[in-house]
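Coordinates from final_20.cif are shown below (mmCIF, C-alpha atoms).
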```cif
data_protein
#
loop_
_atom_site.group_PDB
_atom_site.id
_atom_site.type_symbol
_atom_site.label_atom_id
_atom_site.label_comp_id
_atom_site.auth_asym_id
_atom_site.auth_seq_id
_atom_site.Cartn_x
_atom_site.Cartn_y
_atom_site.Cartn_z
ATOM 1 C CA MET A 8 -104.775 70.655 129.025
ATOM 2 C CA THR A 9 -103.122 71.373 132.356
ATOM 3 C CA LYS A 10 -105.004 71.533 135.626
ATOM 4 C CA ALA A 11 -104.475 75.303 135.652
ATOM 5 C CA GLY A 12 -106.083 75.576 132.220
ATOM 6 C CA THR A 13 -108.986 73.385 133.249
ATOM 7 C CA THR A 14 -109.529 75.435 136.402
ATOM 8 C CA ALA A 15 -109.476 78.669 134.427
ATOM 9 C CA THR A 16 -112.128 77.335 132.072
ATOM 10 C CA ILE A 17 -114.393 76.315 134.940
ATOM 11 C CA GLU A 18 -113.891 79.614 136.733
ATOM 12 C CA ALA A 19 -114.830 81.537 133.601
ATOM 13 C CA THR A 20 -118.176 79.776 133.307
ATOM 14 C CA SER A 21 -119.182 79.129 136.934
ATOM 15 C CA ALA A 22 -119.670 80.879 140.270
ATOM 16 C CA LEU A 23 -118.876 77.736 142.288
ATOM 17 C CA PRO A 24 -116.690 78.054 145.406
ATOM 18 C CA ASP A 25 -112.972 77.440 144.915
ATOM 19 C CA HIS A 26 -112.903 74.026 146.595
ATOM 20 C CA TYR A 27 -115.518 72.676 144.176
ATOM 21 C CA ILE A 28 -113.639 74.112 141.203
ATOM 22 C CA ASP A 29 -110.399 72.455 142.340
ATOM 23 C CA ALA A 30 -112.148 69.117 142.862
ATOM 24 C CA ILE A 31 -113.760 69.227 139.403
ATOM 25 C CA ALA A 32 -110.474 70.202 137.757
ATOM 26 C CA ALA A 33 -108.680 67.308 139.472
ATOM 27 C CA ALA A 34 -111.372 64.867 138.315
ATOM 28 C CA VAL A 35 -111.163 66.127 134.730
ATOM 29 C CA GLU A 36 -107.396 65.624 134.749
ATOM 30 C CA GLN A 37 -107.897 61.975 135.730
ATOM 31 C CA SER A 38 -110.520 61.325 133.036
ATOM 32 C CA ARG A 39 -107.910 60.346 130.450
ATOM 33 C CA SER A 40 -104.679 58.422 130.606
ATOM 34 C CA ARG A 41 -101.433 60.382 130.641
ATOM 35 C CA SER A 42 -100.433 59.012 127.249
ATOM 36 C CA THR A 43 -103.739 60.172 125.736
ATOM 37 C CA VAL A 44 -103.331 63.637 127.239
ATOM 38 C CA ARG A 45 -99.799 63.886 125.852
ATOM 39 C CA ALA A 46 -101.020 62.772 122.418
ATOM 40 C CA TYR A 47 -103.776 65.418 122.497
ATOM 41 C CA VAL A 48 -101.277 68.112 123.442
ATOM 42 C CA ARG A 49 -98.927 67.198 120.579
ATOM 43 C CA ALA A 50 -101.788 66.970 118.085
ATOM 44 C CA TRP A 51 -103.160 70.343 119.172
ATOM 45 C CA GLU A 52 -99.738 71.981 118.900
ATOM 46 C CA ARG A 53 -99.400 70.697 115.319
ATOM 47 C CA PHE A 54 -102.826 72.087 114.399
ATOM 48 C CA GLU A 55 -102.107 75.419 116.060
ATOM 49 C CA THR A 56 -98.761 75.762 114.275
ATOM 50 C CA TRP A 57 -100.356 74.947 110.917
ATOM 51 C CA ALA A 58 -103.246 77.378 111.455
ATOM 52 C CA VAL A 59 -100.899 80.235 112.361
ATOM 53 C CA SER A 60 -98.729 79.510 109.314
ATOM 54 C CA GLU A 61 -101.845 79.723 107.134
ATOM 55 C CA HIS A 62 -103.038 82.922 108.875
ATOM 56 C CA LEU A 63 -106.108 81.137 110.232
ATOM 57 C CA ARG A 64 -107.557 81.250 113.733
ATOM 58 C CA PRO A 65 -106.949 78.022 115.690
ATOM 59 C CA LEU A 66 -109.245 78.845 118.648
ATOM 60 C CA PRO A 67 -112.107 78.967 118.153
ATOM 61 C CA ALA A 68 -111.517 77.369 114.783
ATOM 62 C CA ASP A 69 -113.928 77.491 111.890
ATOM 63 C CA PRO A 70 -115.123 74.017 110.765
ATOM 64 C CA LEU A 71 -113.711 74.667 107.288
ATOM 65 C CA THR A 72 -110.316 75.393 108.858
ATOM 66 C CA VAL A 73 -110.408 71.989 110.549
ATOM 67 C CA ALA A 74 -111.534 70.308 107.316
ATOM 68 C CA ALA A 75 -108.681 71.970 105.444
ATOM 69 C CA TYR A 76 -106.183 70.832 108.085
ATOM 70 C CA LEU A 77 -107.347 67.218 107.929
ATOM 71 C CA THR A 78 -107.128 67.315 104.122
ATOM 72 C CA TRP A 79 -103.596 68.674 104.352
ATOM 73 C CA ARG A 80 -102.586 65.994 106.859
ATOM 74 C CA ALA A 81 -103.963 63.265 104.604
ATOM 75 C CA GLY A 82 -102.078 64.795 101.690
ATOM 76 C CA ILE A 83 -98.741 64.371 103.477
ATOM 77 C CA GLY A 84 -99.477 60.694 104.083
ATOM 78 C CA ARG A 85 -101.026 60.590 107.544
ATOM 79 C CA SER A 86 -103.187 57.515 108.200
ATOM 80 C CA ALA A 87 -106.909 57.430 108.942
ATOM 81 C CA SER A 88 -106.222 56.656 112.616
ATOM 82 C CA THR A 89 -103.891 59.666 112.875
ATOM 83 C CA LEU A 90 -106.555 61.927 111.338
ATOM 84 C CA ALA A 91 -109.050 60.615 113.884
ATOM 85 C CA MET A 92 -106.628 61.494 116.692
ATOM 86 C CA ASP A 93 -106.208 64.990 115.219
ATOM 87 C CA ARG A 94 -109.973 65.487 115.221
ATOM 88 C CA LYS A 95 -110.316 64.273 118.813
ATOM 89 C CA ALA A 96 -107.531 66.565 120.005
ATOM 90 C CA ILE A 97 -109.060 69.616 118.335
ATOM 91 C CA SER A 98 -112.469 68.735 119.753
ATOM 92 C CA HIS A 99 -111.057 68.199 123.247
ATOM 93 C CA HIS A 100 -109.165 71.479 123.254
ATOM 94 C CA HIS A 101 -112.208 73.483 122.166
ATOM 95 C CA ARG A 102 -114.554 71.863 124.677
ATOM 96 C CA ALA A 103 -112.041 72.252 127.498
ATOM 97 C CA ARG A 104 -111.836 75.979 126.717
ATOM 98 C CA GLY A 105 -115.613 76.339 126.638
ATOM 99 C CA CYS A 106 -115.673 76.929 122.853
ATOM 100 C CA PRO A 107 -118.052 75.361 120.326
ATOM 101 C CA ASP A 108 -116.674 72.127 118.902
ATOM 102 C CA PRO A 109 -115.904 72.709 115.203
ATOM 103 C CA THR A 110 -115.334 68.985 114.587
ATOM 104 C CA SER A 111 -119.024 68.252 115.165
ATOM 105 C CA ALA A 112 -119.924 70.177 111.988
ATOM 106 C CA THR A 113 -121.226 68.151 109.065
ATOM 107 C CA SER A 114 -118.483 69.528 106.808
ATOM 108 C CA VAL A 115 -115.756 68.105 109.074
ATOM 109 C CA LYS A 116 -117.478 64.735 109.484
ATOM 110 C CA ARG A 117 -117.973 64.351 105.732
ATOM 111 C CA THR A 118 -114.409 65.424 105.017
ATOM 112 C CA LEU A 119 -113.047 62.820 107.423
ATOM 113 C CA THR A 120 -115.296 60.120 105.944
ATOM 114 C CA GLY A 121 -114.189 61.046 102.449
ATOM 115 C CA LEU A 122 -110.528 60.903 103.389
ATOM 116 C CA LYS A 123 -111.021 57.471 104.959
ATOM 117 C CA ASN A 124 -112.811 56.228 101.840
ATOM 118 C CA ARG A 125 -110.041 57.590 99.627
ATOM 119 C CA ALA A 126 -107.418 55.806 101.730
ATOM 120 C CA ALA A 127 -109.425 52.579 101.509
ATOM 121 C CA GLU A 128 -109.594 52.819 97.722
ATOM 122 C CA GLN A 129 -105.829 53.307 97.628
ATOM 123 C CA GLY A 130 -105.269 50.311 99.897
ATOM 124 C CA ARG A 131 -104.223 52.424 102.879
ATOM 125 C CA ALA A 132 -107.309 52.097 105.096
ATOM 126 C CA ASP A 133 -105.291 50.823 108.043
ATOM 127 C CA PRO A 134 -101.906 51.950 109.334
ATOM 128 C CA LYS A 135 -99.129 49.470 108.687
ATOM 129 C CA GLN A 136 -99.313 46.886 111.431
ATOM 130 C CA ALA A 137 -96.157 45.972 113.267
ATOM 131 C CA ARG A 138 -94.998 42.396 112.797
ATOM 132 C CA GLY A 139 -95.908 40.093 115.646
ATOM 133 C CA LEU A 140 -93.113 38.936 117.929
ATOM 134 C CA THR A 141 -94.286 35.331 118.160
ATOM 135 C CA ALA A 142 -92.778 32.523 120.228
ATOM 136 C CA GLY A 143 -90.613 31.579 117.248
ATOM 137 C CA ALA A 144 -89.327 35.148 116.896
ATOM 138 C CA LEU A 145 -88.602 35.283 120.629
ATOM 139 C CA GLY A 146 -86.582 32.095 120.291
ATOM 140 C CA ALA A 147 -84.448 33.699 117.582
ATOM 141 C CA ILE A 148 -83.863 36.738 119.800
ATOM 142 C CA LYS A 149 -82.812 34.553 122.732
ATOM 143 C CA ARG A 150 -80.287 32.708 120.550
ATOM 144 C CA THR A 151 -78.633 35.900 119.337
ATOM 145 C CA ALA A 152 -79.186 38.389 122.162
ATOM 146 C CA HIS A 153 -75.739 38.007 123.731
ATOM 147 C CA LEU A 154 -73.704 38.337 120.544
ATOM 148 C CA PRO A 155 -71.657 41.585 120.515
ATOM 149 C CA ARG A 156 -73.036 44.241 118.166
ATOM 150 C CA SER A 157 -71.489 47.174 116.372
ATOM 151 C CA GLY A 158 -72.845 50.631 117.113
ATOM 152 C CA PRO A 159 -73.357 53.631 114.795
ATOM 153 C CA THR A 160 -69.671 54.554 115.170
ATOM 154 C CA GLY A 161 -68.529 51.094 114.084
ATOM 155 C CA ARG A 162 -67.251 50.099 117.521
ATOM 156 C CA THR A 163 -68.175 46.624 118.698
ATOM 157 C CA GLU A 164 -69.459 46.287 122.236
ATOM 158 C CA SER A 165 -67.496 44.246 124.741
ATOM 159 C CA VAL A 166 -68.497 40.717 125.662
ATOM 160 C CA GLU A 167 -69.574 41.905 129.117
ATOM 161 C CA ASN A 168 -71.691 44.753 127.742
ATOM 162 C CA ALA A 169 -73.240 42.378 125.221
ATOM 163 C CA ARG A 170 -74.173 40.007 128.044
ATOM 164 C CA ARG A 171 -75.836 42.744 130.082
ATOM 165 C CA ARG A 172 -77.637 44.220 127.093
ATOM 166 C CA GLY A 173 -78.726 40.773 125.953
ATOM 167 C CA ASP A 174 -80.137 39.931 129.379
ATOM 168 C CA VAL A 175 -82.291 43.067 129.253
ATOM 169 C CA ASP A 176 -83.377 42.326 125.673
ATOM 170 C CA ILE A 177 -84.551 38.840 126.618
ATOM 171 C CA ALA A 178 -86.351 40.042 129.751
ATOM 172 C CA LEU A 179 -88.012 42.926 127.918
ATOM 173 C CA ALA A 180 -89.314 40.854 125.020
ATOM 174 C CA SER A 181 -90.374 37.953 127.257
ATOM 175 C CA VAL A 182 -92.228 40.017 129.852
ATOM 176 C CA MET A 183 -93.933 42.208 127.262
ATOM 177 C CA ARG A 184 -95.198 39.072 125.525
ATOM 178 C CA ASP A 185 -96.390 37.233 128.616
ATOM 179 C CA ALA A 186 -98.167 40.237 130.108
ATOM 180 C CA LEU A 187 -99.215 41.654 126.707
ATOM 181 C CA LEU A 188 -97.762 44.980 127.800
ATOM 182 C CA ARG A 189 -98.126 48.172 125.861
ATOM 183 C CA ARG A 190 -94.833 49.896 125.232
ATOM 184 C CA SER A 191 -95.651 52.777 127.597
ATOM 185 C CA GLU A 192 -96.453 50.260 130.342
ATOM 186 C CA ALA A 193 -93.105 48.531 129.855
ATOM 187 C CA ALA A 194 -91.305 51.872 130.049
ATOM 188 C CA ARG A 195 -93.078 52.811 133.300
ATOM 189 C CA LEU A 196 -92.740 49.397 134.991
ATOM 190 C CA ARG A 197 -90.815 49.607 138.277
ATOM 191 C CA TRP A 198 -89.516 46.927 140.596
ATOM 192 C CA ASP A 199 -92.135 47.614 143.275
ATOM 193 C CA CYS A 200 -94.718 46.475 140.706
ATOM 194 C CA VAL A 201 -93.056 43.058 140.208
ATOM 195 C CA GLU A 202 -93.865 40.105 142.476
ATOM 196 C CA PHE A 203 -91.978 36.786 142.267
ATOM 197 C CA TRP A 204 -94.043 33.745 143.227
ATOM 198 C CA PRO A 205 -92.856 30.484 144.858
ATOM 199 C CA ASP A 206 -93.849 28.441 141.783
ATOM 200 C CA GLY A 207 -91.263 30.312 139.683
ATOM 201 C CA SER A 208 -93.708 32.601 137.918
ATOM 202 C CA ALA A 209 -94.145 36.329 138.518
ATOM 203 C CA ARG A 210 -96.834 38.977 138.491
ATOM 204 C CA VAL A 211 -96.554 42.540 137.237
ATOM 205 C CA ILE A 212 -98.918 45.230 138.438
ATOM 206 C CA ILE A 213 -100.015 47.951 136.044
ATOM 207 C CA ARG A 214 -101.296 50.853 138.134
ATOM 208 C CA ARG A 215 -102.926 52.627 135.209
ATOM 209 C CA SER A 216 -103.280 51.735 131.568
ATOM 210 C CA LYS A 217 -104.277 53.392 128.321
ATOM 211 C CA THR A 218 -107.887 52.297 128.776
ATOM 212 C CA SER A 219 -108.388 52.045 132.538
ATOM 213 C CA ASN A 220 -107.554 53.764 135.805
ATOM 214 C CA ILE A 221 -107.973 50.439 137.646
ATOM 215 C CA SER A 222 -104.847 48.426 138.491
ATOM 216 C CA SER A 223 -104.265 45.155 136.641
ATOM 217 C CA VAL A 224 -102.289 42.143 137.854
ATOM 218 C CA LEU A 225 -100.724 40.262 134.951
ATOM 219 C CA TYR A 226 -99.130 36.812 134.772
ATOM 220 C CA VAL A 227 -95.509 36.277 133.755
ATOM 221 C CA GLY A 228 -94.376 32.727 133.095
ATOM 222 C CA HIS A 229 -91.367 30.899 134.526
ATOM 223 C CA SER A 230 -88.948 31.666 131.702
ATOM 224 C CA ALA A 231 -89.716 35.387 131.693
ATOM 225 C CA ALA A 232 -89.565 35.483 135.493
ATOM 226 C CA VAL A 233 -86.080 33.954 135.394
ATOM 227 C CA ALA A 234 -85.055 36.617 132.890
ATOM 228 C CA LEU A 235 -86.430 39.297 135.231
ATOM 229 C CA ARG A 236 -84.499 37.963 138.216
ATOM 230 C CA ARG A 237 -81.341 37.957 136.117
ATOM 231 C CA ILE A 238 -81.509 41.686 135.372
ATOM 232 C CA ARG A 239 -82.502 42.910 138.822
ATOM 233 C CA PRO A 240 -79.476 44.585 140.454
ATOM 234 C CA ALA A 241 -78.732 43.574 144.020
ATOM 235 C CA ASP A 242 -78.867 47.219 145.094
ATOM 236 C CA SER A 243 -81.913 48.230 143.071
ATOM 237 C CA ALA A 244 -84.501 50.455 144.736
ATOM 238 C CA SER A 245 -88.168 49.559 144.551
ATOM 239 C CA GLY A 246 -88.894 52.631 142.454
ATOM 240 C CA ASP A 247 -86.221 51.956 139.813
ATOM 241 C CA ARG A 248 -87.386 51.301 136.267
ATOM 242 C CA VAL A 249 -87.192 47.590 135.461
ATOM 243 C CA PHE A 250 -85.834 47.938 131.932
ATOM 244 C CA GLY A 251 -84.060 51.280 132.315
ATOM 245 C CA LEU A 252 -85.873 52.762 129.301
ATOM 246 C CA ARG A 253 -87.796 55.980 129.769
ATOM 247 C CA SER A 254 -90.197 56.153 126.837
ATOM 248 C CA GLY A 255 -92.323 54.112 124.486
ATOM 249 C CA ARG A 256 -90.092 55.183 121.613
ATOM 250 C CA SER A 257 -87.056 53.735 123.429
ATOM 251 C CA ILE A 258 -88.928 50.462 123.875
ATOM 252 C CA SER A 259 -89.784 50.365 120.155
ATOM 253 C CA ASN A 260 -86.206 51.073 119.139
ATOM 254 C CA ARG A 261 -84.929 48.324 121.441
ATOM 255 C CA ILE A 262 -87.385 45.736 120.083
ATOM 256 C CA ALA A 263 -86.568 46.698 116.482
ATOM 257 C CA ALA A 264 -82.820 46.439 117.135
ATOM 258 C CA MET A 265 -82.983 43.007 118.762
ATOM 259 C CA ALA A 266 -85.189 41.711 115.935
ATOM 260 C CA ARG A 267 -82.743 42.942 113.277
ATOM 261 C CA ALA A 268 -79.818 41.410 115.158
ATOM 262 C CA ALA A 269 -81.702 38.107 115.253
ATOM 263 C CA GLY A 270 -82.093 38.151 111.473
ATOM 264 C CA LEU A 271 -85.856 38.709 111.638
ATOM 265 C CA GLY A 272 -85.772 41.762 109.391
ATOM 266 C CA GLU A 273 -87.705 45.026 109.654
ATOM 267 C CA GLY A 274 -91.217 45.810 110.813
ATOM 268 C CA PHE A 275 -90.858 45.084 114.537
ATOM 269 C CA SER A 276 -91.707 47.713 117.154
ATOM 270 C CA GLY A 277 -92.895 48.166 120.712
ATOM 271 C CA HIS A 278 -96.286 46.778 119.683
ATOM 272 C CA SER A 279 -94.787 43.532 118.349
ATOM 273 C CA PRO A 280 -94.660 41.496 121.615
ATOM 274 C CA ARG A 281 -98.322 42.244 122.349
ATOM 275 C CA ILE A 282 -99.375 41.435 118.789
ATOM 276 C CA GLY A 283 -97.269 38.277 118.683
ATOM 277 C CA MET A 284 -98.707 36.884 121.902
ATOM 278 C CA ALA A 285 -102.231 37.637 120.684
ATOM 279 C CA GLN A 286 -101.461 35.682 117.514
ATOM 280 C CA ASP A 287 -99.966 32.775 119.466
ATOM 281 C CA LEU A 288 -102.938 32.639 121.824
ATOM 282 C CA ALA A 289 -105.361 32.627 118.895
ATOM 283 C CA ALA A 290 -103.361 29.860 117.216
ATOM 284 C CA ALA A 291 -103.555 27.850 120.459
ATOM 285 C CA GLY A 292 -107.353 28.034 120.323
ATOM 286 C CA VAL A 293 -107.959 30.835 122.813
ATOM 287 C CA GLY A 294 -111.310 32.432 122.040
ATOM 288 C CA LEU A 295 -111.858 36.121 121.429
ATOM 289 C CA PRO A 296 -113.425 36.847 124.864
ATOM 290 C CA ALA A 297 -110.459 35.313 126.720
ATOM 291 C CA LEU A 298 -108.063 37.086 124.375
ATOM 292 C CA MET A 299 -109.736 40.406 125.178
ATOM 293 C CA VAL A 300 -109.291 39.761 128.900
ATOM 294 C CA ALA A 301 -105.625 38.796 128.489
ATOM 295 C CA GLY A 302 -104.816 41.932 126.514
ATOM 296 C CA ARG A 303 -107.216 44.197 128.450
ATOM 297 C CA TRP A 304 -108.998 45.207 125.271
ATOM 298 C CA LYS A 305 -112.444 46.736 125.788
ATOM 299 C CA SER A 306 -113.419 46.082 122.176
ATOM 300 C CA GLU A 307 -112.956 42.959 120.096
ATOM 301 C CA ARG A 308 -111.812 45.013 117.098
ATOM 302 C CA MET A 309 -108.032 45.003 117.705
ATOM 303 C CA PRO A 310 -107.556 41.417 118.958
ATOM 304 C CA ALA A 311 -109.710 40.207 116.070
ATOM 305 C CA TYR A 312 -107.577 42.265 113.693
ATOM 306 C CA TYR A 313 -104.334 40.842 115.083
ATOM 307 C CA ALA A 314 -105.645 37.284 114.883
ATOM 308 C CA ARG A 315 -107.273 37.632 111.465
ATOM 309 C CA ALA A 316 -104.731 35.400 109.665
ATOM 310 C CA VAL A 317 -105.208 32.637 112.247
ATOM 311 C CA SER A 318 -108.984 33.032 112.015
ATOM 312 C CA ALA A 319 -108.817 32.738 108.214
ATOM 313 C CA GLY A 320 -106.992 29.431 108.647
ATOM 314 C CA ARG A 321 -110.000 28.136 110.576
ATOM 315 C CA GLY A 322 -112.660 29.509 108.260
ATOM 316 C CA ALA A 323 -115.041 27.715 105.932
ATOM 317 C CA VAL A 324 -112.575 27.360 103.049
ATOM 318 C CA ALA A 325 -109.820 26.043 105.340
ATOM 319 C CA ARG A 326 -112.229 23.484 106.833
ATOM 320 C CA TYR A 327 -113.346 22.477 103.343
ATOM 321 C CA TYR A 328 -109.810 21.638 102.283
ATOM 322 C CA ALA A 329 -109.039 19.939 105.606
ATOM 323 C CA ASP A 330 -112.088 17.685 105.189
ATOM 324 C CA ALA A 331 -111.262 17.019 101.549
ATOM 325 C CA GLY A 332 -107.743 15.983 102.453
#
```
Can you present the structure in this file as structure tokens?
Amino acid sequence: MTKAGTTATIEATSALPDHYIDAIAAAVEQSRSRSTVRAYVRAWERFETWAVSEHLRPLPADPLTVAAYLTWRAGIGRSASTLAMDRKAISHHHRARGCPDPTSATSVKRTLTGLKNRAAEQGRADPKQARGLTAGALGAIKRTAHLPRSGPTGRTESVENARRRGDVDIALASVMRDALLRRSEAARLRWDCVEFWPDGSARVIIRRSKTSNISSVLYVGHSAAVALRRIRPADSASGDRVFGLRSGRSISNRIAAMARAAGLGEGFSGHSPRIGMAQDLAAAGVGLPALMVAGRWKSERMPAYYARAVSAGRGAVARYYADAG
């Protein structure tokens, strides 16, 4: 919801002076990351469009309307995590408008649980995980990044264009791995948030992230720092985007394209560098607490999920066969 919408909601339910209302509205706007707010807006717009098409009231919505919507979304193949985002967005929009939250009703909760259970029985409990861009995959990308490629029209890029594009590909994949960047963070990264250190390494500063409003300073190794220096134009301004890509989707498309060109196949996305580094760190013996710090995860659920194959290789059965051998 916009600040204007938040302010209107507060004004409708309070007799506070204007300066307090403005301060509260500003604080509410900062309570969630920009990417989360955008996701809520898109999810709400989808629900509203569906409700109108079904001649149902979206606001305030009846709990059975929400349950029907979630059932419909599951029926068209949406994952359990997407349904959870839909529920959160509907809840947020109602609460922000001062309306009762229909998603708190038992009927909605049981519907969502049932849909999750059904997906689990069908082997679709989790969304398809992107393939990890491990150190080995990065090596393949580096070896092929500068080879000219053919575009959708069939034209092959020039050697010079291939060199420039390849330099960016290598820097993007390397920095995203080292700093375990989310794709939105890579898209927003600007040169004034990059610091080159005398030892050849670099630091990138993330002003805000998906899970925190506190700045983070992240380490970038020597090889990735060299790749960064190579792509920085001599006349670049401090506020210029480092990779020249404006969205998380653009980042994902770029990662997928460089992986295909390297012969790695499909399944790579903007999440792949972060997942791949988590897998490499786990394989190197980094414990879950340190892995959580490196990736700025507040919960152990996702890093444990990414490293589950490595963890299985260190489990009781793996140790049994290692001792027997």
Find the smallest box with edges along x, y and z containing every listed atom of stretch 203-210 of chain A, then add 4 Å on each side and report centre and edge lengths in Å to one decimal, as lines of an AutoDock Vina configuration file.
```
center_x = -94.0
center_y = 33.7
center_z = 141.4
size_x = 13.6
size_y = 18.5
size_z = 14.9
```
Of the residues A:Arg184, A:Arg256, A:Arg45, A:Arg215, which is the one nearest to A:Val227, using all atoms listed in the file?
A:Arg184
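Note that the spacing between atom CA of A:Ala266 and atom CA of A:Ser254 amounts to 18.8 Å.
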Leaving out A:Ile148 and any residue of its chain fewer than 3 positions from it, which residues lie within 7 Å of it when counting all atoms listed in the file, given as a list of chain:residue names?
A:Ala144, A:Leu145, A:Thr151, A:Ala152, A:Met265, A:Ala266, A:Ala269
Filtering to C-alpha atoms, could you give me those residues as a short mmCIF file (atom, residue, chain, number, x, y, z; two decimals), in the coordinates of the input?
```cif
data_model
loop_
_atom_site.label_atom_id
_atom_site.label_comp_id
_atom_site.auth_asym_id
_atom_site.auth_seq_id
_atom_site.Cartn_x
_atom_site.Cartn_y
_atom_site.Cartn_z
CA ALA A 144 -89.33 35.15 116.90
CA LEU A 145 -88.60 35.28 120.63
CA THR A 151 -78.63 35.90 119.34
CA ALA A 152 -79.19 38.39 122.16
CA MET A 265 -82.98 43.01 118.76
CA ALA A 266 -85.19 41.71 115.94
CA ALA A 269 -81.70 38.11 115.25
#
```
note - atom CA of A:Gly277 and atom CA of A:Ala301 are separated by 17.6 Å
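You will find atom CA of A:Pro296 at 17.9 Å from atom CA of A:Val224.
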Residue among A:Arg104, A:Arg253, A:Arg267, A:Arg80 lying closest to A:Ala147, counting only C-alpha atoms
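Residue with the minimum atom-to-atom distance to A:Ala147: A:Arg267.
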Using the chain letters and numbers from the file, which residues does the PyMOL selection byres ((chain A and resi 63-68) around 8) grab, as an MDAnalysis selection string?
chainID A and resid 54:55 58:62 69:70 72:73 101 106:107 109
Kindly extract all protein, DNA and RNA residues lying within 10 Å of the coordinates (-100.4, 41.4, 123.6) given in the file, considering only C-alpha atoms, and supply them as a PyMOL selection string.
chain A and resi 139-140+183-189+278-288+298-299+301-304+310+313
What does the PyMOL selection byres ((chain A and resi 79) around 12) select in this file, as a PDB file with C-alpha atoms, in the frame of the given file?
```pdb
ATOM      1  CA  ARG A  53     -99.400  70.697 115.319  1.00  0.00           C
ATOM      2  CA  PHE A  54    -102.826  72.087 114.399  1.00  0.00           C
ATOM      3  CA  TRP A  57    -100.356  74.947 110.917  1.00  0.00           C
ATOM      4  CA  ALA A  58    -103.246  77.378 111.455  1.00  0.00           C
ATOM      5  CA  GLU A  61    -101.845  79.723 107.134  1.00  0.00           C
ATOM      6  CA  THR A  72    -110.316  75.393 108.858  1.00  0.00           C
ATOM      7  CA  VAL A  73    -110.408  71.989 110.549  1.00  0.00           C
ATOM      8  CA  ALA A  74    -111.534  70.308 107.316  1.00  0.00           C
ATOM      9  CA  ALA A  75    -108.681  71.970 105.444  1.00  0.00           C
ATOM     10  CA  TYR A  76    -106.183  70.832 108.085  1.00  0.00           C
ATOM     11  CA  LEU A  77    -107.347  67.218 107.929  1.00  0.00           C
ATOM     12  CA  THR A  78    -107.128  67.315 104.122  1.00  0.00           C
ATOM     13  CA  ARG A  80    -102.586  65.994 106.859  1.00  0.00           C
ATOM     14  CA  ALA A  81    -103.963  63.265 104.604  1.00  0.00           C
ATOM     15  CA  GLY A  82    -102.078  64.795 101.690  1.00  0.00           C
ATOM     16  CA  ILE A  83     -98.741  64.371 103.477  1.00  0.00           C
ATOM     17  CA  GLY A  84     -99.477  60.694 104.083  1.00  0.00           C
ATOM     18  CA  ARG A  85    -101.026  60.590 107.544  1.00  0.00           C
ATOM     19  CA  SER A  86    -103.187  57.515 108.200  1.00  0.00           C
ATOM     20  CA  LEU A  90    -106.555  61.927 111.338  1.00  0.00           C
ATOM     21  CA  ASP A  93    -106.208  64.990 115.219  1.00  0.00           C
ATOM     22  CA  THR A 118    -114.409  65.424 105.017  1.00  0.00           C
ATOM     23  CA  LEU A 119    -113.047  62.820 107.423  1.00  0.00           C
ATOM     24  CA  LEU A 122    -110.528  60.903 103.389  1.00  0.00           C
TER      25      LEU A 122
END
```
